[in-house]
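> Below is the file run-v5.cif, which contains mmCIF, C-alpha atoms.
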data_upload
#
loop_
_atom_site.label_atom_id
_atom_site.label_comp_id
_atom_site.auth_asym_id
_atom_site.auth_seq_id
_atom_site.Cartn_x
_atom_site.Cartn_y
_atom_site.Cartn_z
CA MET Y 25 11.22 11.51 -25.50
CA SER Y 26 9.29 9.23 -27.88
CA ASP Y 27 7.01 6.47 -26.62
CA PRO Y 28 8.81 3.16 -26.02
CA LEU Y 29 8.57 0.36 -28.55
CA VAL Y 30 8.85 -2.19 -25.76
CA LEU Y 31 9.95 -2.61 -22.14
CA LEU Y 32 12.32 -5.48 -21.36
CA GLY Y 33 13.24 -6.75 -17.92
CA GLU Y 34 14.53 -9.56 -15.75
CA VAL Y 35 13.96 -10.31 -12.06
CA ARG Y 36 16.13 -12.61 -9.95
CA THR Y 37 14.62 -13.84 -6.68
CA GLY Y 38 16.25 -15.68 -3.78
CA LEU Y 39 16.30 -16.08 -0.02
CA LEU Y 40 18.29 -13.54 1.98
CA PRO Y 41 21.02 -15.49 3.83
CA ALA Y 42 20.09 -14.44 7.36
CA SER Y 43 18.76 -16.36 10.35
CA VAL Y 44 15.96 -13.87 11.02
CA ALA Y 45 13.91 -11.42 8.95
CA LEU Y 46 15.57 -8.03 8.73
CA PRO Y 47 13.71 -5.25 10.57
CA PRO Y 48 12.92 -2.07 8.59
CA GLN Y 49 15.98 -0.09 9.67
CA GLU Y 50 18.39 -2.89 8.77
CA ALA Y 51 16.58 -3.48 5.48
CA ALA Y 52 16.98 0.20 4.61
CA GLU Y 53 20.69 0.07 5.43
CA LEU Y 54 21.19 -3.07 3.34
CA LEU Y 55 19.55 -1.49 0.28
CA ALA Y 56 21.19 1.93 0.58
CA LEU Y 57 23.22 1.13 -2.53
CA LEU Y 58 23.59 4.72 -3.73
CA PRO Y 59 24.77 7.29 -1.16
CA GLY Y 60 22.40 10.21 -0.71
CA GLN Y 61 19.42 8.48 -2.33
CA ARG Y 62 16.44 7.25 -0.33
CA VAL Y 63 15.34 3.64 0.04
CA LEU Y 64 11.57 3.36 -0.48
CA MET Y 65 9.86 1.59 2.41
CA ARG Y 66 6.38 0.14 2.91
CA GLU Y 67 5.14 -1.71 5.99
CA ARG Y 68 1.54 -2.65 5.16
CA PRO Y 69 0.20 -5.13 4.34
CA LEU Y 70 3.65 -6.70 3.96
CA ALA Y 71 7.08 -5.15 4.48
CA LEU Y 72 8.69 -4.01 1.23
CA ALA Y 73 11.95 -2.12 0.71
CA ILE Y 74 13.16 -0.88 -2.70
CA SER Y 75 16.65 0.44 -3.34
CA PRO Y 76 17.33 3.47 -5.55
CA SER Y 77 17.94 2.61 -9.21
CA ALA Y 78 21.48 2.45 -10.53
CA ALA Y 79 22.37 3.06 -14.18
CA VAL Y 80 24.47 0.55 -16.12
CA GLY Y 81 25.70 1.76 -19.49
CA VAL Y 82 25.25 -0.55 -22.51
CA ASP Y 83 26.19 -0.39 -26.18
CA CYS Y 84 25.10 -3.66 -27.74
CA GLN Y 85 22.80 -5.52 -30.07
CA LEU Y 86 19.23 -6.31 -29.03
CA ALA Y 87 18.09 -9.86 -29.75
CA THR Y 88 15.54 -10.14 -32.58
CA VAL Y 89 13.87 -13.06 -34.32
CA SER Y 90 14.31 -11.38 -37.71
CA ARG Y 91 18.10 -11.15 -37.18
CA SER Y 92 17.96 -7.50 -38.29
CA ASP Y 93 20.68 -5.06 -37.21
CA SER Y 94 19.50 -3.73 -33.85
CA ARG Y 95 22.29 -1.78 -32.20
CA ALA Y 96 21.13 0.11 -29.10
CA VAL Y 97 22.92 2.50 -26.76
CA GLY Y 98 21.81 3.76 -23.37
CA THR Y 99 21.47 2.63 -19.77
CA VAL Y 100 19.84 -0.23 -17.89
CA ALA Y 101 18.04 0.68 -14.66
CA SER Y 102 18.72 -1.83 -11.88
CA HIS Y 103 17.42 -1.94 -8.30
CA ALA Y 104 17.07 -4.39 -5.43
CA THR Y 105 14.04 -5.18 -3.28
CA LEU Y 106 13.49 -6.98 0.00
CA VAL Y 107 10.11 -8.56 0.71
CA GLY Y 108 9.09 -9.37 4.26
CA GLY Y 109 12.67 -8.88 5.38
CA ARG Y 110 13.48 -12.32 3.96
CA VAL Y 111 13.20 -12.54 0.15
CA ALA Y 112 15.72 -10.56 -1.90
CA GLN Y 113 15.25 -9.55 -5.51
CA SER Y 114 17.25 -7.78 -8.17
CA SER Y 115 15.33 -6.20 -11.03
CA SER Y 116 16.78 -4.74 -14.23
CA SER Y 117 14.85 -3.13 -17.07
CA VAL Y 118 15.11 -0.95 -20.17
CA ARG Y 119 12.76 1.13 -22.28
CA VAL Y 120 13.59 0.69 -25.96
CA VAL Y 121 12.94 3.85 -28.01
CA ARG Y 122 13.92 4.88 -31.50
CA ALA Y 123 16.94 7.16 -31.76
CA ALA Y 124 16.38 10.54 -33.43
CA ASP Y 125 19.01 9.65 -36.05
CA SER Y 126 21.71 7.07 -36.74
CA ASN Y 127 24.46 8.96 -34.94
CA ARG Y 128 25.73 7.77 -31.59
CA ARG Y 129 25.52 10.49 -28.92
CA PRO Y 130 27.97 11.26 -26.06
CA TRP Y 131 27.40 9.28 -22.85
CA SER Y 132 26.21 12.45 -21.14
CA HIS Y 133 23.11 12.29 -23.34
CA TYR Y 134 22.25 8.71 -22.35
CA LEU Y 135 22.94 9.23 -18.66
CA THR Y 136 20.11 11.77 -18.48
CA GLN Y 137 17.65 8.97 -19.42
CA VAL Y 138 18.29 6.20 -16.90
CA GLY Y 139 16.67 2.95 -17.95
CA THR Y 140 16.37 3.87 -21.64
CA VAL Y 141 18.23 2.52 -24.66
CA GLU Y 142 17.97 4.13 -28.09
CA LEU Y 143 17.61 1.86 -31.10
CA ILE Y 144 19.94 3.33 -33.71
CA HIS Y 145 18.88 1.24 -36.71
CA ARG Y 146 15.33 1.18 -38.00
CA LEU Y 147 13.59 -2.14 -37.36
CA GLY Y 148 10.31 -2.13 -39.30
CA ASP Y 149 7.25 -0.15 -38.22
CA ASP Y 150 6.53 0.30 -34.52
CA THR Y 151 4.25 -2.74 -34.15
CA ALA Y 152 6.53 -5.08 -36.10
CA ALA Y 153 9.59 -3.81 -34.22
CA ALA Y 154 7.89 -4.30 -30.83
CA VAL Y 155 6.98 -7.91 -31.67
CA ASP Y 156 10.45 -8.59 -33.06
CA LEU Y 157 12.17 -7.22 -29.95
CA THR Y 158 9.77 -8.97 -27.55
CA GLU Y 159 10.20 -12.41 -29.07
CA GLY Y 160 13.91 -11.88 -29.62
CA PHE Y 161 14.50 -11.02 -25.98
CA LEU Y 162 12.43 -13.91 -24.62
CA GLU Y 163 13.34 -16.55 -27.18
CA ALA Y 164 16.59 -15.67 -28.99
CA SER Y 165 18.86 -13.85 -26.53
CA SER Y 166 22.53 -14.84 -26.63
CA ALA Y 167 25.87 -13.88 -25.13
CA THR Y 168 26.29 -11.26 -27.86
CA THR Y 169 23.03 -9.39 -27.17
CA LEU Y 170 21.67 -7.33 -24.27
CA ASP Y 171 22.08 -9.44 -21.14
CA LEU Y 172 19.87 -8.17 -18.33
CA GLY Y 173 20.37 -11.45 -16.51
CA SER Y 174 24.04 -10.84 -15.73
CA ILE Y 175 23.26 -7.33 -14.46
CA SER Y 176 20.52 -8.66 -12.18
CA GLU Y 177 22.64 -11.57 -10.99
CA ARG Y 178 25.52 -9.26 -10.07
CA LEU Y 179 23.23 -7.02 -8.03
CA LEU Y 180 21.55 -9.94 -6.24
CA THR Y 181 24.96 -11.35 -5.37
CA GLN Y 182 26.02 -7.97 -4.01
CA VAL Y 183 23.01 -7.83 -1.70
CA ARG Y 184 23.19 -11.46 -0.55
CA THR Y 185 26.92 -11.32 0.25
CA ASP Y 186 26.72 -8.16 2.34
CA ALA Y 187 28.96 -8.47 5.40
CA ARG Y 188 26.13 -7.40 7.73
CA LEU Y 189 24.21 -10.61 7.10
CA ASP Y 190 24.92 -13.49 9.48
CA ARG Y 191 24.71 -16.04 6.62
CA ARG Y 192 22.90 -18.61 8.81
CA PRO Y 193 19.57 -19.19 7.04
CA ARG Y 194 17.44 -22.05 8.30
CA LEU Y 195 16.32 -22.86 4.76
CA ARG Y 196 18.17 -24.16 1.72
CA THR Y 197 16.71 -22.70 -1.45
CA THR Y 198 17.65 -21.84 -5.03
CA ALA Y 199 17.11 -18.60 -6.93
CA THR Y 200 14.69 -18.17 -9.82
CA ARG Y 201 14.66 -15.81 -12.80
CA LEU Y 202 11.67 -14.20 -14.46
CA ARG Y 203 12.20 -12.52 -17.86
CA TRP Y 204 9.49 -10.18 -19.09
CA ALA Y 205 8.59 -7.99 -22.05
CA ALA Y 206 5.76 -5.47 -22.25
CA ARG Y 207 4.38 -3.31 -25.05
CA VAL Y 208 1.32 -1.31 -25.96
CA ALA Y 209 -1.36 -3.20 -27.86
CA PRO Y 210 -1.66 -2.35 -31.58
CA ARG Y 211 -3.96 0.65 -32.00
CA LEU Y 212 -5.94 -0.94 -34.83
CA ASP Y 213 -6.63 -4.20 -33.03
CA GLY Y 214 -10.10 -3.57 -31.64
CA ALA Y 215 -10.15 -6.94 -29.92
CA VAL Y 216 -7.54 -5.93 -27.37
CA ARG Y 217 -8.07 -2.19 -26.97
CA GLY Y 218 -8.81 -1.27 -23.38
CA ARG Y 219 -7.73 -4.67 -22.02
CA THR Y 220 -4.38 -5.91 -20.76
CA LEU Y 221 -3.21 -9.20 -22.25
CA PHE Y 222 -0.89 -11.43 -20.27
CA ALA Y 223 0.94 -14.76 -20.71
CA PHE Y 224 3.02 -16.55 -18.05
CA ARG Y 225 5.15 -19.56 -18.94
CA LEU Y 226 7.49 -21.93 -17.10
CA GLU Y 227 10.59 -22.37 -19.26
CA ASP Y 228 12.50 -24.76 -17.00
CA GLU Y 229 12.97 -25.50 -13.29
CA SER Y 230 14.19 -21.97 -12.50
CA THR Y 231 13.28 -19.75 -15.48
CA ARG Y 232 9.92 -18.13 -16.27
CA SER Y 233 8.82 -15.75 -19.02
CA VAL Y 234 6.06 -13.16 -19.08
CA ARG Y 235 4.55 -11.34 -22.06
CA ILE Y 236 2.28 -8.37 -21.44
CA MET Y 237 0.33 -6.06 -23.76
CA VAL Y 238 -1.28 -3.00 -22.17
CA PRO Y 239 -3.87 -0.62 -23.68
CA THR Y 240 -1.95 2.64 -23.10
CA VAL Y 241 1.60 3.88 -22.59
CA ARG Y 242 0.62 5.00 -19.09
CA ASP Y 243 -0.05 1.38 -18.11
CA LEU Y 244 3.55 0.41 -18.85
CA ALA Y 245 4.70 2.24 -15.72
CA GLY Y 246 3.41 -0.48 -13.38
CA VAL Y 247 4.55 -3.55 -15.31
CA GLN Y 248 7.94 -3.96 -13.63
CA ARG Y 249 6.46 -3.84 -10.11
CA PHE Y 250 3.80 -6.37 -11.17
CA CYS Y 251 6.46 -8.72 -12.54
CA GLU Y 252 8.46 -8.43 -9.32
CA ASP Y 253 5.32 -9.34 -7.38
CA VAL Y 254 4.71 -12.36 -9.63
CA ALA Y 255 8.37 -13.41 -9.28
CA VAL Y 256 8.14 -13.44 -5.46
CA HIS Y 257 5.05 -15.63 -5.44
CA ASP Y 258 6.41 -17.95 -8.13
CA TRP Y 259 9.57 -18.33 -6.03
CA LEU Y 260 7.50 -19.18 -2.96
CA LEU Y 261 5.63 -21.87 -4.91
CA THR Y 262 8.86 -23.24 -6.36
CA THR Y 263 10.62 -23.28 -2.99
CA LEU Y 264 7.79 -25.01 -1.16
CA ASP Y 265 7.34 -27.57 -3.93
CA ALA Y 266 11.06 -28.41 -3.89
CA ALA Y 267 11.11 -28.75 -0.10
CA LEU Y 268 8.10 -31.09 -0.11
CA GLY Y 269 9.82 -33.20 -2.73
CA ASP Y 270 13.00 -33.38 -0.64
CA ALA Y 271 11.05 -34.24 2.50
CA GLY Y 272 9.42 -37.15 0.72
CA ARG Y 273 12.83 -38.71 0.13
CA PHE Y 274 13.88 -38.55 3.78
CA GLY Y 275 13.91 -41.70 5.86
CA PRO Y 276 14.06 -40.42 9.45
CA HIS Y 277 10.94 -38.37 10.17
CA GLN Y 278 12.88 -35.94 12.34
CA ASP Y 279 14.81 -34.83 9.24
CA ALA Y 280 11.51 -33.96 7.53
CA VAL Y 281 10.42 -31.93 10.56
CA GLU Y 282 13.67 -29.98 10.57
CA LEU Y 283 13.34 -29.28 6.84
CA LEU Y 284 9.68 -28.29 6.75
CA THR Y 285 9.19 -26.37 10.00
CA PRO Y 286 11.17 -23.28 8.87
CA LEU Y 287 8.97 -23.03 5.77
CA LEU Y 288 5.88 -22.81 7.94
CA GLU Y 289 7.48 -20.30 10.29
CA GLN Y 290 9.26 -18.04 7.81
CA LEU Y 291 7.60 -18.12 4.38
CA VAL Y 292 3.89 -18.96 4.62
CA HIS Y 293 2.87 -15.47 5.81
CA LEU Y 294 4.55 -13.86 2.77
CA TRP Y 295 1.82 -15.12 0.41
CA MET Y 296 -0.13 -11.95 -0.54
CA PRO Y 297 -0.80 -11.90 -4.31
CA GLY Y 298 -1.22 -8.39 -5.66
CA ALA Y 299 -0.33 -6.67 -2.38
CA HIS Y 300 2.36 -4.60 -4.09
CA THR Y 301 0.96 -4.55 -7.63
CA PRO Y 302 -0.19 -1.16 -8.98
CA GLN Y 303 -3.97 -0.77 -9.00
CA ARG Y 304 -4.24 -0.62 -12.81
CA LEU Y 305 -2.68 -4.07 -13.19
CA ARG Y 306 -4.29 -5.95 -10.30
CA GLU Y 307 -6.80 -7.48 -12.68
CA LEU Y 308 -3.94 -9.64 -13.95
CA TRP Y 309 -3.82 -11.41 -10.59
CA THR Y 310 -7.45 -12.41 -11.08
CA ARG Y 311 -6.40 -14.20 -14.26
CA LEU Y 312 -3.43 -15.85 -12.59
CA GLU Y 313 -5.76 -17.13 -9.88
CA SER Y 314 -7.99 -18.59 -12.57
CA ASP Y 315 -5.25 -20.12 -14.74
CA PRO Y 316 -2.83 -21.56 -13.67
CA GLY Y 317 -4.32 -20.97 -10.20
CA PHE Y 318 -1.46 -19.68 -8.04
CA THR Y 319 -3.36 -19.61 -4.75
CA ARG Y 320 -5.04 -22.99 -5.36
CA GLN Y 321 -1.62 -24.54 -5.78
CA TRP Y 322 -0.27 -22.69 -2.73
CA THR Y 323 -3.20 -23.75 -0.55
CA ALA Y 324 -2.77 -27.38 -1.61
CA GLN Y 325 0.96 -27.23 -0.86
CA ILE Y 326 0.39 -25.67 2.57
CA GLY Y 327 -2.13 -28.42 3.36
CA GLN Y 328 0.41 -31.03 2.33
CA LEU Y 329 3.09 -29.28 4.40
CA ARG Y 330 0.95 -29.26 7.55
CA ASP Y 331 -0.08 -32.90 7.03
CA ARG Y 332 3.51 -34.05 6.63
CA LEU Y 333 4.60 -32.13 9.70
CA ALA Y 334 1.77 -33.63 11.73
CA VAL Y 335 2.59 -37.19 10.61
CA ALA Y 336 6.34 -36.69 11.12
CA THR Y 337 5.75 -35.25 14.59
CA LEU Y 338 3.51 -38.16 15.58
CA GLU Y 339 6.06 -40.66 14.29
CA ALA Y 340 8.80 -38.90 16.23
CA LEU Y 341 6.72 -39.00 19.43
CA ARG Y 342 5.88 -42.67 18.89
CA ALA Y 343 9.54 -43.50 18.35
CA ALA Y 344 10.48 -41.58 21.50
CA LYS Y 345 7.92 -43.53 23.56
CA ILE Y 346 9.15 -46.85 22.21
CA SER Y 347 12.74 -45.89 22.93
CA THR Y 348 11.82 -44.84 26.49
CA ALA Y 349 9.88 -48.03 27.10
CA GLU Y 350 12.78 -50.17 25.91
CA TRP Y 351 15.15 -48.27 28.16
#
As structure tokens, what does this structure read like?

Amino acid sequence: MSDPLVLLGEVRTGLLPASVALPPQEAAELLALLPGQRVLMRERPLALAISPSAAVGVDCQLATVSRSDSRAVGTVASHATLVGGRVAQSSSSVRVVRAADSNRRPWSHYLTQVGTVELIHRLGDDTAAAVDLTEGFLEASSATTLDLGSISERLLTQVRTDARLDRRPRLRTTATRLRWAARVAPRLDGAVRGRTLFAFRLEDESTRSVRIMVPTVRDLAGVQRFCEDVAVHDWLLTTLDAALGDAGRFGPHQDAVELLTPLLEQLVHLWMPGAHTPQRLRELWTRLESDPGFTRQWTAQIGQLRDRLAVATLEALRAAKISTAEW
């Protein structure tokens, strides 16, 4: 198989609707989406479960900024993950490669290459095509082009609506989406050879985009796991920020305590940047810590969370004493 022009992916992240974190055995049962295939499990330093990948057949156009004909046929690879027994993710991705010719093959051919789509029409040279497909996917996708978001959303819904979950979470949260594209750096660009380039951007309240250029094809293998790791931590930041904003609008302090306490009990310990990122890409976390400063923001938010809980608790105790005295 030829080297990929680009890797495209999307990760959806949300809270698992359960009152307690799922233990390893229950997590494995929840993510056993394909009979006979093993769920990958990891316990240290933070529990992680990864379902087997399912293939979703596609025959569609790929979004491009040049508006060139870009029909592709193949399969999307889609799997679910569970982090810390509490945070659920669905992750879908494709490797885009050039087809050997312009003839469409039988589905049996594409099913032997799960997670790969073949670009039937030529789309410039390799570098130009990779840039075109990257920017098209992140900036110009539409309902008529490859939609990894709907595939990921369907899988996340399947996991979160499983009948085995008690559907009594103590937190109210929203899901986020992270769309990513990765390619190998141009071979003639001496300025980037040997170094991974990375850009993270907030598109709106719930959507993020990531662009990555790696020095070798081998480095592409870890990009999806890295993006899933980033998506979890971005979701944690987003969730805590939203909860602090909601707490600030509450009048009765007891309401703030009831809103914020579950965050401290259930989510704070999940903050472990890079814990599940492949070794070759962990340097990217160093850059994220520098700019925009993920952990600095998290630490500030946790400090604010603890301060608000302390003030709300004191106010509640003071109100209780006054009420007792009056009685």
> Would you kindly identify which residues have an atom no farther than 10 Å from (25.4, 5.3, -35.6), using all atoms listed in the file and the file's own coordinates, and write them out as a ChimeraX atom specification?
/Y:95-97,123,125-129,143-145
> Tell me which residues the PyMOL selection byres ((chain Y and resi 87) around 9) grabs here, as a PDB file with C-alpha atoms, in the frame of the given file.

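Contents of the output file selection-v8.pdb:
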ATOM      1  CA  GLN Y  85      22.800  -5.520 -30.070  1.00  0.00           C
ATOM      2  CA  LEU Y  86      19.230  -6.310 -29.030  1.00  0.00           C
ATOM      3  CA  THR Y  88      15.540 -10.140 -32.580  1.00  0.00           C
ATOM      4  CA  VAL Y  89      13.870 -13.060 -34.320  1.00  0.00           C
ATOM      5  CA  SER Y  90      14.310 -11.380 -37.710  1.00  0.00           C
ATOM      6  CA  ARG Y  91      18.100 -11.150 -37.180  1.00  0.00           C
ATOM      7  CA  SER Y  92      17.960  -7.500 -38.290  1.00  0.00           C
ATOM      8  CA  SER Y  94      19.500  -3.730 -33.850  1.00  0.00           C
ATOM      9  CA  ASP Y 156      10.450  -8.590 -33.060  1.00  0.00           C
ATOM     10  CA  LEU Y 157      12.170  -7.220 -29.950  1.00  0.00           C
ATOM     11  CA  THR Y 158       9.770  -8.970 -27.550  1.00  0.00           C
ATOM     12  CA  GLU Y 159      10.200 -12.410 -29.070  1.00  0.00           C
ATOM     13  CA  GLY Y 160      13.910 -11.880 -29.620  1.00  0.00           C
ATOM     14  CA  PHE Y 161      14.500 -11.020 -25.980  1.00  0.00           C
ATOM     15  CA  LEU Y 162      12.430 -13.910 -24.620  1.00  0.00           C
ATOM     16  CA  GLU Y 163      13.340 -16.550 -27.180  1.00  0.00           C
ATOM     17  CA  ALA Y 164      16.590 -15.670 -28.990  1.00  0.00           C
ATOM     18  CA  SER Y 165      18.860 -13.850 -26.530  1.00  0.00           C
ATOM     19  CA  SER Y 166      22.530 -14.840 -26.630  1.00  0.00           C
ATOM     20  CA  THR Y 168      26.290 -11.260 -27.860  1.00  0.00           C
ATOM     21  CA  THR Y 169      23.030  -9.390 -27.170  1.00  0.00           C
ATOM     22  CA  LEU Y 170      21.670  -7.330 -24.270  1.00  0.00           C
TER      23      LEU Y 170
END
> Can you pull out the residues contacting Cys251 in chain Y? Cut-off 8 Å, using only C-alpha atoms, and skip same-chain residues under 2 positions away; I want them as a PyMOL selection string.
chain Y and resi 35+202+204+234+247-249+253-255
> Save out the residues we just selected, C-alpha atoms, as a PDB file, in the coordinates of the input.

ATOM      1  CA  VAL Y  35      13.960 -10.310 -12.060  1.00  0.00           C
ATOM      2  CA  LEU Y 202      11.670 -14.200 -14.460  1.00  0.00           C
ATOM      3  CA  TRP Y 204       9.490 -10.180 -19.090  1.00  0.00           C
ATOM      4  CA  VAL Y 234       6.060 -13.160 -19.080  1.00  0.00           C
ATOM      5  CA  VAL Y 247       4.550  -3.550 -15.310  1.00  0.00           C
ATOM      6  CA  GLN Y 248       7.940  -3.960 -13.630  1.00  0.00           C
ATOM      7  CA  ARG Y 249       6.460  -3.840 -10.110  1.00  0.00           C
ATOM      8  CA  ASP Y 253       5.320  -9.340  -7.380  1.00  0.00           C
ATOM      9  CA  VAL Y 254       4.710 -12.360  -9.630  1.00  0.00           C
ATOM     10  CA  ALA Y 255       8.370 -13.410  -9.280  1.00  0.00           C
TER      11      ALA Y 255
END
> Of the candidates Y:Val82, Y:Leu338, Y:Ala299, Y:Ala206, which one gets nearest to Leu221 in chain Y if we count all atoms listed in the file?
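Closest to Leu221 in chain Y, using all atoms listed in the file: Y:Ala206.
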> Evaluate the PyMOL selection byres ((chain Y and resi 264) around 9) on the structure here and hand back the selected residues as an NGL selection string.
:Y and (259-263 or 265-269 or 284 or 287 or 291 or 322 or 325-326 or 329)
> Would you mind reading off the distance between CA of Ala73 in chain Y and CA of Leu172 in chain Y, one decimal, in Å?
21.5 Å
> Measure the distance from CA of Pro28 in chain Y to CA of Ala153 in chain Y in Å and round it to one decimal.
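Computed distance, CA of Pro28 in chain Y to CA of Ala153 in chain Y, equals 10.8 Å.
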> Give me, please, the distance in Å between CA of Leu54 in chain Y and CA of Asp186 in chain Y, quoted to one decimal.
7.6 Å
> Selected by the PyMOL selection byres ((chain Y and resi 39-41) around 6) in the shown coordinates: which residues, as a list in words?
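Expected selection for the PyMOL selection byres ((chain Y and resi 39-41) around 6) here is Gly38, Ala42, Arg110, Val111, Ala112, Arg184, Arg191 and Pro193 of chain Y.
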> Please write the residues from the selection above to a file, keeping C-alpha atoms, as a PDB file, keeping the file's coordinate frame.

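part-v1.pdb written:
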ATOM      1  CA  GLY Y  38      16.250 -15.680  -3.780  1.00  0.00           C
ATOM      2  CA  ALA Y  42      20.090 -14.440   7.360  1.00  0.00           C
ATOM      3  CA  ARG Y 110      13.480 -12.320   3.960  1.00  0.00           C
ATOM      4  CA  VAL Y 111      13.200 -12.540   0.150  1.00  0.00           C
ATOM      5  CA  ALA Y 112      15.720 -10.560  -1.900  1.00  0.00           C
ATOM      6  CA  ARG Y 184      23.190 -11.460  -0.550  1.00  0.00           C
ATOM      7  CA  ARG Y 191      24.710 -16.040   6.620  1.00  0.00           C
ATOM      8  CA  PRO Y 193      19.570 -19.190   7.040  1.00  0.00           C
TER       9      PRO Y 193
END
> Using all atoms listed in the file, which protein or nucleic acid residues come within 9 Å of Pro48 in chain Y? Drop anything in the same chain fewer than 6 positions from it, and give the result as a PyMOL selection string.
chain Y and resi 65-67+71-73+109
> Find the residues around Pro297 in chain Y up to 9 Å (all atoms listed in the file counted), leave out those fewer than 2 positions away in its own chain, and share them as a list in words.
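Surrounding residues, per the criterion: Asp253, Val254, His257, Trp295, Ala299, His300, Thr301, Trp309, Phe318 and Thr319 of chain Y.
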